Amino acid sequence: MTAVVVGSGHNGLIAACYLARAGHRVEVLECDDVLGGAVSTVERFPGHRVDRGSSAHIMIRHTGILEELELDRFGLRYLDCDPWGFAPAHVGRPAIVFHRDLESTCASIATACGSGDAAAYRRFVRVWGARSTRVMRAFGIGPTPGGLVRSFWGLDAPHGGSALSREFLQSGDALLDTFFEDERLKAALAWFGAQSGPPMSEPGTAPMVGFAALMHTLPPGRAVGGSGALTTALAARLRADGGTVTTGDAVSALQRTGRHWRVRTASGRELRADIVIAGTHVLTTIDLLRAGGFDGAILDDWRRRIRVGPGIGMVVRVATSRLPHYPDSPAAHSANGLQFLVSDRAQLRRAHGAALAGELPPRPVVLAMSFSALDPTIAPPGEHQLSLWAQWHPYRPADGSDWATLAHRESDRIIAEVDSYAPGFTDTVLRRHVQTPVDLERELGLIGGNVMHVEMSLDQMMLWRPLPELSGQRVPGAPGLYLTGASTHPGGGVCGTSGRSAATLALRDMRRRGLCRRLGR
């Protein structure tokens, strides 16, 4: 059978690889000239391989997908980010260093925060490590009630199932307050959790904080050559199994005709496919269905109910003459992982509250990543490269300001925030590339600048992502069309299970269809 995959994000490519591996004819159509969407790497500055979207790969290393597709055979190699996290020294108190090794981490916490919090962190990892393993199991299957029950069945619940469900549904802040005393430790872990999008004050965000426990099993990974190395390996795997990839030709319409799909592109091509897997933003997929004549009233209803949100953040990519120097901390502690530049959770709350009001954060909250220290192939000799991700920044400023005029000034503030922790950093910046929420939308198709596609709030997760009737990755009234990508379960981030799940559904349906035809039904 013939399959067309719309979009070459990592989920779309993963789906394509599983279909091609099963012997089906697969073509991936990508509107951009660069493969991979937000998992891609390009030369922004001379000699610098700079990520366009994600930089650290966390969840996909816990899924088994890399091994199932044997991507190491196609050149993919990961380096462990170890230490995986770092909170700088502050007000005369030592840095907090999160090593892969739990005991080394607890020793750092004991020095910086006290022995009580070190013991609490050891207990946190024991409890939430087991729970996060089950969350990853749930992420790997379709979000059906039965599947979710099976994913968590047998999990130790000393106070009963209702207490366990309460702990999963609590806010990340509530979890942190239950375990720890030191605010700086809480802030670092809250900032880690907030990489999923929501503030840790929202209900249901406890597992986003709890996922930090799994970093002691397998830490974030850095793909050698940049984030796009994952995409390169996936494309090579796909081609090895006979699949094809076409870039620079946007799909313009999806139309169901009888038993097949007609896929039209901007260049005038018309492809006939037995199945289509849409790896685009769900709102983009809705537009493609509208162009193909799908019921407009249904599409309007879906569009109204899917909440994209006001935007999440922006990123400044910089070439520098040296790594940031954090006082009283060797580069070996900070340079390899995620640098949590936050003083307390109040800073996070103020930034999020400002974004909800359409305002810039009073003080940017920055996650710094200096992966040229880990992988020198991404920068020329004598230079380094950093990605400075900041939250929260509204897509549409309430005062009517244009991001084209705000970009440089806000990037100055983000760089200055790093300088406040690593004095002298500003003077090391040689070049910069700024990606505002509007730039993220324009270049990567991330509507509203939301890198997670749609808000990762409790009511748009699991069984409800992006809507209850679409959460099964099928589209009612559109047989043979499957959804994948950050708009679907389990959400944003470099994970890949949505792509594998979409391919699994499609393969199952194709087998059933073939059986029905053989039986003459």
# chains A, B, ... in the order shown; residues from 1 in each chain; ligands from 1

call {"tool": "residues_around", "arguments": {"residues": "segment 182-190 of chain A", "least_positions_apart": "5", "cutoff": "10 Å", "atoms": "only C-alpha atoms", "output": "ChimeraX atom specification"}}
result
/A:85-90,95-96,109,112-114,116-117,121,172-173,175-177,195,199-201,205-206,208-212,339-348

call {"tool": "write_last_selection", "arguments": {"atoms": "N, CA and C atoms", "output": "short mmCIF file (atom, residue, chain, number, x, y, z; two decimals), in the first residue's frame"}}
result
data_model
loop_
_atom_site.label_atom_id
_atom_site.label_comp_id
_atom_site.auth_asym_id
_atom_site.auth_seq_id
_atom_site.Cartn_x
_atom_site.Cartn_y
_atom_site.Cartn_z
N GLY A 85 22.25 18.97 34.91
CA GLY A 85 21.65 20.22 35.36
C GLY A 85 22.57 20.97 36.29
N PHE A 86 22.39 22.31 36.30
CA PHE A 86 23.27 23.16 37.09
C PHE A 86 22.53 24.42 37.48
N ALA A 87 22.52 24.72 38.77
CA ALA A 87 21.98 25.98 39.29
C ALA A 87 23.14 26.75 39.91
N PRO A 88 23.47 27.93 39.39
CA PRO A 88 24.68 28.64 39.81
C PRO A 88 24.68 29.00 41.30
N ALA A 89 25.89 29.22 41.80
CA ALA A 89 26.03 29.74 43.16
C ALA A 89 25.26 31.05 43.27
N HIS A 90 24.68 31.28 44.45
CA HIS A 90 23.82 32.45 44.60
C HIS A 90 23.89 32.95 46.04
N ALA A 95 26.87 26.30 44.17
CA ALA A 95 26.03 25.83 43.07
C ALA A 95 25.41 24.48 43.42
N ILE A 96 24.26 24.20 42.78
CA ILE A 96 23.65 22.88 42.87
C ILE A 96 23.94 22.17 41.55
N ILE A 109 23.68 18.70 46.75
CA ILE A 109 22.52 19.30 47.41
C ILE A 109 22.79 19.47 48.91
N ALA A 112 24.90 22.58 49.28
CA ALA A 112 24.24 23.83 48.90
C ALA A 112 22.96 24.10 49.68
N CYS A 113 22.26 23.04 50.08
CA CYS A 113 20.92 23.22 50.65
C CYS A 113 20.72 22.57 52.01
N GLY A 114 21.61 21.68 52.37
CA GLY A 114 21.48 21.02 53.66
C GLY A 114 21.20 19.53 53.51
N GLY A 116 19.03 17.69 54.99
CA GLY A 116 17.62 17.33 54.94
C GLY A 116 17.10 17.27 53.52
N ASP A 117 17.44 18.29 52.71
CA ASP A 117 17.00 18.29 51.31
C ASP A 117 17.72 17.23 50.50
N TYR A 121 15.76 14.56 48.42
CA TYR A 121 15.96 14.37 46.97
C TYR A 121 16.14 12.88 46.66
N GLY A 172 3.05 21.02 40.16
CA GLY A 172 4.46 20.79 40.40
C GLY A 172 4.95 21.50 41.64
N ASP A 173 4.44 22.71 41.86
CA ASP A 173 4.85 23.46 43.06
C ASP A 173 4.45 22.72 44.33
N LEU A 175 4.09 19.51 44.71
CA LEU A 175 5.03 18.38 44.86
C LEU A 175 6.33 18.86 45.49
N LEU A 176 6.88 19.95 44.96
CA LEU A 176 8.15 20.47 45.46
C LEU A 176 8.05 20.90 46.91
N ASP A 177 6.94 21.52 47.26
CA ASP A 177 6.76 21.95 48.65
C ASP A 177 6.62 20.76 49.60
N GLN A 195 9.86 23.35 31.28
CA GLN A 195 10.25 23.18 29.88
C GLN A 195 9.15 22.51 29.08
N PRO A 199 3.34 26.67 33.68
CA PRO A 199 4.02 26.95 34.95
C PRO A 199 3.71 25.84 35.94
N MET A 200 4.58 25.64 36.87
CA MET A 200 4.39 24.55 37.81
C MET A 200 3.35 24.86 38.88
N SER A 201 2.68 25.98 38.74
CA SER A 201 1.55 26.29 39.63
C SER A 201 0.26 25.67 39.12
N THR A 205 0.73 19.29 36.84
CA THR A 205 2.11 19.47 36.39
C THR A 205 3.13 18.72 37.25
N ALA A 206 2.67 18.04 38.30
CA ALA A 206 3.61 17.30 39.15
C ALA A 206 4.46 16.30 38.35
N MET A 208 5.59 16.56 35.45
CA MET A 208 6.60 17.27 34.67
C MET A 208 7.84 17.55 35.52
N VAL A 209 7.62 17.83 36.80
CA VAL A 209 8.74 17.95 37.74
C VAL A 209 9.32 16.57 38.06
N GLY A 210 8.42 15.62 38.27
CA GLY A 210 8.84 14.28 38.65
C GLY A 210 9.73 13.61 37.63
N PHE A 211 9.63 14.04 36.36
CA PHE A 211 10.43 13.43 35.30
C PHE A 211 11.92 13.65 35.53
N ALA A 212 12.27 14.64 36.34
CA ALA A 212 13.68 14.86 36.66
C ALA A 212 14.31 13.62 37.29
N GLN A 339 21.53 24.69 32.16
CA GLN A 339 21.91 25.68 33.16
C GLN A 339 20.66 26.46 33.57
N PHE A 340 20.19 26.19 34.79
CA PHE A 340 18.93 26.75 35.29
C PHE A 340 19.19 28.12 35.92
N LEU A 341 18.99 29.18 35.16
CA LEU A 341 19.29 30.53 35.64
C LEU A 341 18.03 31.15 36.20
N VAL A 342 17.72 30.77 37.41
CA VAL A 342 16.51 31.24 38.08
C VAL A 342 16.81 31.34 39.57
N SER A 343 16.31 32.39 40.18
CA SER A 343 16.62 32.62 41.60
C SER A 343 15.58 32.00 42.52
N ASP A 344 14.31 32.11 42.14
CA ASP A 344 13.24 31.54 42.95
C ASP A 344 12.00 31.37 42.07
N ARG A 345 10.99 30.69 42.59
CA ARG A 345 9.79 30.43 41.79
C ARG A 345 8.96 31.67 41.55
N ALA A 346 9.14 32.68 42.39
CA ALA A 346 8.42 33.93 42.17
C ALA A 346 8.81 34.54 40.82
N GLN A 347 10.06 34.39 40.44
CA GLN A 347 10.51 34.89 39.14
C GLN A 347 9.77 34.18 38.01
N LEU A 348 9.59 32.87 38.15
CA LEU A 348 8.84 32.11 37.16
C LEU A 348 7.39 32.56 37.10
#

call {"tool": "select_by_dssp", "arguments": {"residues": "segment 270-439 of chain A", "states": "helix (DSSP H, G or I)", "output": "ChimeraX atom specification"}}
result
/A:282-291,296-305,331-334,345-356,376-378,403-421,425-428,437-439

call {"tool": "closest_atom_pairs", "arguments": {"of": "segment 139-255 of chain A", "to": "segment 454-465 of chain A", "cutoff": "10 Å", "atoms": "only C-alpha atoms", "output": "JSON lines"}}
result
{"residue": "A:Phe139", "atom": "CA", "partner": "A:Met462", "partner_atom": "CA", "distance": 8.3}
{"residue": "A:Gly142", "atom": "CA", "partner": "A:Met462", "partner_atom": "CA", "distance": 8.6}
{"residue": "A:Pro143", "atom": "CA", "partner": "A:Leu463", "partner_atom": "CA", "distance": 5.3}
{"residue": "A:Thr144", "atom": "CA", "partner": "A:Leu463", "partner_atom": "CA", "distance": 6.5}
{"residue": "A:Pro145", "atom": "CA", "partner": "A:Leu463", "partner_atom": "CA", "distance": 7.6}
{"residue": "A:Leu148", "atom": "CA", "partner": "A:Met462", "partner_atom": "CA", "distance": 8.8}
{"residue": "A:Leu169", "atom": "CA", "partner": "A:Leu458", "partner_atom": "CA", "distance": 8.5}
{"residue": "A:Ser196", "atom": "CA", "partner": "A:Met456", "partner_atom": "CA", "distance": 7.0}
{"residue": "A:Gly197", "atom": "CA", "partner": "A:Met456", "partner_atom": "CA", "distance": 6.3}
{"residue": "A:Pro198", "atom": "CA", "partner": "A:Met456", "partner_atom": "CA", "distance": 6.4}
{"residue": "A:Pro199", "atom": "CA", "partner": "A:Ser457", "partner_atom": "CA", "distance": 9.5}
{"residue": "A:Glu202", "atom": "CA", "partner": "A:Ser457", "partner_atom": "CA", "distance": 7.7}
{"residue": "A:Pro203", "atom": "CA", "partner": "A:Leu458", "partner_atom": "CA", "distance": 6.9}
{"residue": "A:Gly204", "atom": "CA", "partner": "A:Leu458", "partner_atom": "CA", "distance": 5.7}
{"residue": "A:Thr205", "atom": "CA", "partner": "A:Leu458", "partner_atom": "CA", "distance": 7.8}

call {"tool": "select_by_dssp", "arguments": {"residues": "segment 278-476 of chain A", "states": "strand (DSSP E)", "output": "number ranges by chain"}}
result
A: 278, 313-320, 338-341, 365-369, 384-391, 429-435

call {"tool": "write_last_selection", "arguments": {"atoms": "C-alpha atoms", "output": "PDB file, in the first residue's frame"}}
result
ATOM      1  CA  ALA A 278      -0.347  14.277   8.996  1.00  0.00           C
ATOM      2  CA  GLY A 313       9.068  31.662  24.799  1.00  0.00           C
ATOM      3  CA  MET A 314      11.908  32.767  22.569  1.00  0.00           C
ATOM      4  CA  VAL A 315      15.506  31.741  22.023  1.00  0.00           C
ATOM      5  CA  VAL A 316      18.765  33.548  21.377  1.00  0.00           C
ATOM      6  CA  ARG A 317      21.541  31.562  19.675  1.00  0.00           C
ATOM      7  CA  VAL A 318      24.966  33.075  20.233  1.00  0.00           C
ATOM      8  CA  ALA A 319      28.513  32.462  19.058  1.00  0.00           C
ATOM      9  CA  THR A 320      30.959  33.334  21.822  1.00  0.00           C
ATOM     10  CA  LEU A 338      21.004  22.488  31.324  1.00  0.00           C
ATOM     11  CA  GLN A 339      21.911  25.680  33.161  1.00  0.00           C
ATOM     12  CA  PHE A 340      18.933  26.748  35.289  1.00  0.00           C
ATOM     13  CA  LEU A 341      19.295  30.529  35.640  1.00  0.00           C
ATOM     14  CA  VAL A 365      14.002  33.341  33.034  1.00  0.00           C
ATOM     15  CA  VAL A 366      16.787  31.679  31.044  1.00  0.00           C
ATOM     16  CA  LEU A 367      17.795  28.099  30.342  1.00  0.00           C
ATOM     17  CA  ALA A 368      21.336  28.202  28.947  1.00  0.00           C
ATOM     18  CA  MET A 369      22.869  25.336  26.973  1.00  0.00           C
ATOM     19  CA  HIS A 384      31.728  28.310  21.500  1.00  0.00           C
ATOM     20  CA  GLN A 385      28.010  28.308  20.907  1.00  0.00           C
ATOM     21  CA  LEU A 386      25.083  28.709  23.288  1.00  0.00           C
ATOM     22  CA  SER A 387      21.314  28.451  23.050  1.00  0.00           C
ATOM     23  CA  LEU A 388      19.531  30.737  25.507  1.00  0.00           C
ATOM     24  CA  TRP A 389      15.888  29.719  25.869  1.00  0.00           C
ATOM     25  CA  ALA A 390      13.643  32.120  27.814  1.00  0.00           C
ATOM     26  CA  GLN A 391      10.058  31.878  29.060  1.00  0.00           C
ATOM     27  CA  VAL A 429      29.206  37.364  22.482  1.00  0.00           C
ATOM     28  CA  LEU A 430      30.475  37.552  18.890  1.00  0.00           C
ATOM     29  CA  ARG A 431      27.243  36.977  16.929  1.00  0.00           C
ATOM     30  CA  ARG A 432      23.615  36.304  17.714  1.00  0.00           C
ATOM     31  CA  HIS A 433      20.524  34.902  16.007  1.00  0.00           C
ATOM     32  CA  VAL A 434      17.186  35.732  17.643  1.00  0.00           C
ATOM     33  CA  GLN A 435      14.068  33.583  17.330  1.00  0.00           C
TER      34      GLN A 435
END

call {"tool": "closest_residue", "arguments": {"among": "A:Leu360, A:Leu238, A:Gly424, A:Cys31", "to": "Arg409 of chain A", "atoms": "only C-alpha atoms"}}
result
A:Leu360

call {"tool": "closest_residue", "arguments": {"among": "A:Glu181, A:His325, A:His10, A:Asp419", "to": "Gly485 of chain A", "atoms": "only C-alpha atoms"}}
result
A:His10

call {"tool": "atom_distance", "arguments": {"atom1": "atom CA of Leu467 of chain A", "atom2": "atom CA of Phe152 of chain A"}}
result
22.6 Å

call {"tool": "residues_around", "arguments": {"residues": "Leu102 of chain A", "least_positions_apart": "6", "cutoff": "10 Å", "atoms": "only C-alpha atoms", "output": "PyMOL selection string"}}
result
chain A and resi 108+121-122+125+213+215-217

call {"tool": "write_last_selection", "arguments": {"atoms": "C-alpha atoms", "output": "tab-separated table (two decimals), in the first residue's frame"}}
result
chain	number	residue	atom	x	y	z
A	108	SER	CA	26.00	18.66	45.99
A	121	TYR	CA	15.96	14.37	46.97
A	122	ARG	CA	17.01	10.74	47.33
A	125	VAL	CA	14.08	10.07	42.93
A	213	ALA	CA	14.05	11.61	38.62
A	215	MET	CA	17.61	11.81	34.53
A	216	HIS	CA	19.54	9.65	36.98
A	217	THR	CA	18.69	6.59	34.89

call {"tool": "residues_around", "arguments": {"residues": "Gly154 of chain A", "least_positions_apart": "6", "cutoff": "12 Å", "atoms": "only C-alpha atoms", "output": "PyMOL selection string"}}
result
chain A and resi 130-131+134+160-161+164

call {"tool": "closest_residue", "arguments": {"among": "A:His393, A:His24, A:Arg77, A:Arg512", "to": "Asn450 of chain A", "atoms": "only C-alpha atoms"}}
result
A:His393

call {"tool": "atom_distance", "arguments": {"atom1": "atom CA of Arg269 of chain A", "atom2": "atom CA of Tyr482 of chain A"}}
result
21.2 Å

call {"tool": "residues_around", "arguments": {"residues": "Pro364 of chain A", "least_positions_apart": "2", "cutoff": "8 Å", "atoms": "only C-alpha atoms", "output": "ChimeraX atom specification"}}
result
/A:351,361-362,366,390-392,413-414,417

call {"tool": "write_last_selection", "arguments": {"atoms": "N, CA, C and O atoms", "output": "PDB file, in the first residue's frame"}}
result
ATOM      1  N   ALA A 351       6.973  35.964  35.398  1.00  0.00           N
ATOM      2  CA  ALA A 351       7.154  35.883  33.948  1.00  0.00           C
ATOM      3  C   ALA A 351       5.917  35.315  33.283  1.00  0.00           C
ATOM      4  O   ALA A 351       5.460  35.817  32.243  1.00  0.00           O
ATOM      5  N   PRO A 361       8.384  39.549  30.233  1.00  0.00           N
ATOM      6  CA  PRO A 361       8.672  39.225  31.633  1.00  0.00           C
ATOM      7  C   PRO A 361       9.427  40.362  32.313  1.00  0.00           C
ATOM      8  O   PRO A 361      10.309  40.979  31.700  1.00  0.00           O
ATOM      9  N   PRO A 362       9.083  40.667  33.560  1.00  0.00           N
ATOM     10  CA  PRO A 362       9.850  41.696  34.285  1.00  0.00           C
ATOM     11  C   PRO A 362      11.343  41.369  34.307  1.00  0.00           C
ATOM     12  O   PRO A 362      12.177  42.266  34.211  1.00  0.00           O
ATOM     13  N   VAL A 366      15.967  32.219  32.131  1.00  0.00           N
ATOM     14  CA  VAL A 366      16.787  31.679  31.044  1.00  0.00           C
ATOM     15  C   VAL A 366      17.247  30.255  31.358  1.00  0.00           C
ATOM     16  O   VAL A 366      17.648  29.952  32.482  1.00  0.00           O
ATOM     17  N   ALA A 390      14.261  31.301  26.761  1.00  0.00           N
ATOM     18  CA  ALA A 390      13.643  32.120  27.814  1.00  0.00           C
ATOM     19  C   ALA A 390      12.126  31.990  27.755  1.00  0.00           C
ATOM     20  O   ALA A 390      11.538  31.972  26.676  1.00  0.00           O
ATOM     21  N   GLN A 391      11.512  31.914  28.901  1.00  0.00           N
ATOM     22  CA  GLN A 391      10.058  31.878  29.060  1.00  0.00           C
ATOM     23  C   GLN A 391       9.666  32.954  30.081  1.00  0.00           C
ATOM     24  O   GLN A 391      10.471  33.271  30.964  1.00  0.00           O
ATOM     25  N   TRP A 392       8.450  33.420  30.044  1.00  0.00           N
ATOM     26  CA  TRP A 392       7.472  33.227  28.982  1.00  0.00           C
ATOM     27  C   TRP A 392       7.410  34.520  28.202  1.00  0.00           C
ATOM     28  O   TRP A 392       7.530  35.602  28.772  1.00  0.00           O
ATOM     29  N   ARG A 413      18.324  41.744  26.889  1.00  0.00           N
ATOM     30  CA  ARG A 413      17.946  41.447  28.275  1.00  0.00           C
ATOM     31  C   ARG A 413      18.248  39.993  28.628  1.00  0.00           C
ATOM     32  O   ARG A 413      18.654  39.687  29.757  1.00  0.00           O
ATOM     33  N   ILE A 414      18.040  39.099  27.682  1.00  0.00           N
ATOM     34  CA  ILE A 414      18.317  37.679  27.928  1.00  0.00           C
ATOM     35  C   ILE A 414      19.815  37.464  28.114  1.00  0.00           C
ATOM     36  O   ILE A 414      20.246  36.761  29.036  1.00  0.00           O
ATOM     37  N   GLU A 417      20.843  38.743  31.420  1.00  0.00           N
ATOM     38  CA  GLU A 417      20.458  37.844  32.511  1.00  0.00           C
ATOM     39  C   GLU A 417      21.520  36.763  32.716  1.00  0.00           C
ATOM     40  O   GLU A 417      21.862  36.426  33.849  1.00  0.00           O
TER      41      GLU A 417
END

call {"tool": "residues_around", "arguments": {"residues": "His99 of chain A", "least_positions_apart": "4", "cutoff": "8 Å", "atoms": "only C-alpha atoms", "output": "PyMOL selection string"}}
result
chain A and resi 82-85+104-105+216

call {"tool": "write_last_selection", "arguments": {"atoms": "N, CA and C atoms", "output": "PDB file, in the first residue's frame"}}
result
ATOM      1  N   ASP A  82      26.184  15.164  31.229  1.00  0.00           N
ATOM      2  CA  ASP A  82      26.471  14.799  32.606  1.00  0.00           C
ATOM      3  C   ASP A  82      27.620  15.670  33.124  1.00  0.00           C
ATOM      4  N   PRO A  83      27.361  16.516  34.117  1.00  0.00           N
ATOM      5  CA  PRO A  83      26.101  16.725  34.815  1.00  0.00           C
ATOM      6  C   PRO A  83      24.993  17.221  33.878  1.00  0.00           C
ATOM      7  N   TRP A  84      23.750  16.807  34.193  1.00  0.00           N
ATOM      8  CA  TRP A  84      22.645  17.173  33.313  1.00  0.00           C
ATOM      9  C   TRP A  84      21.986  18.490  33.703  1.00  0.00           C
ATOM     10  N   GLY A  85      22.251  18.968  34.913  1.00  0.00           N
ATOM     11  CA  GLY A  85      21.651  20.217  35.356  1.00  0.00           C
ATOM     12  C   GLY A  85      22.571  20.974  36.293  1.00  0.00           C
ATOM     13  N   SER A 104      26.294  11.566  43.891  1.00  0.00           N
ATOM     14  CA  SER A 104      27.030  12.806  43.645  1.00  0.00           C
ATOM     15  C   SER A 104      26.086  14.004  43.676  1.00  0.00           C
ATOM     16  N   THR A 105      24.882  13.822  43.144  1.00  0.00           N
ATOM     17  CA  THR A 105      23.885  14.895  43.179  1.00  0.00           C
ATOM     18  C   THR A 105      23.495  15.203  44.616  1.00  0.00           C
ATOM     19  N   HIS A 216      18.493  10.415  36.317  1.00  0.00           N
ATOM     20  CA  HIS A 216      19.539   9.645  36.980  1.00  0.00           C
ATOM     21  C   HIS A 216      19.614   8.219  36.437  1.00  0.00           C
TER      22      HIS A 216
END

call {"tool": "atom_distance", "arguments": {"atom1": "atom CA of Gly358 of chain A", "atom2": "atom CA of Arg396 of chain A"}}
result
6.4 Å

call {"tool": "closest_residue", "arguments": {"among": "A:Pro381, A:Gly268, A:Gly258, A:Gly493", "to": "His453 of chain A", "atoms": "only C-alpha atoms"}}
result
A:Gly493
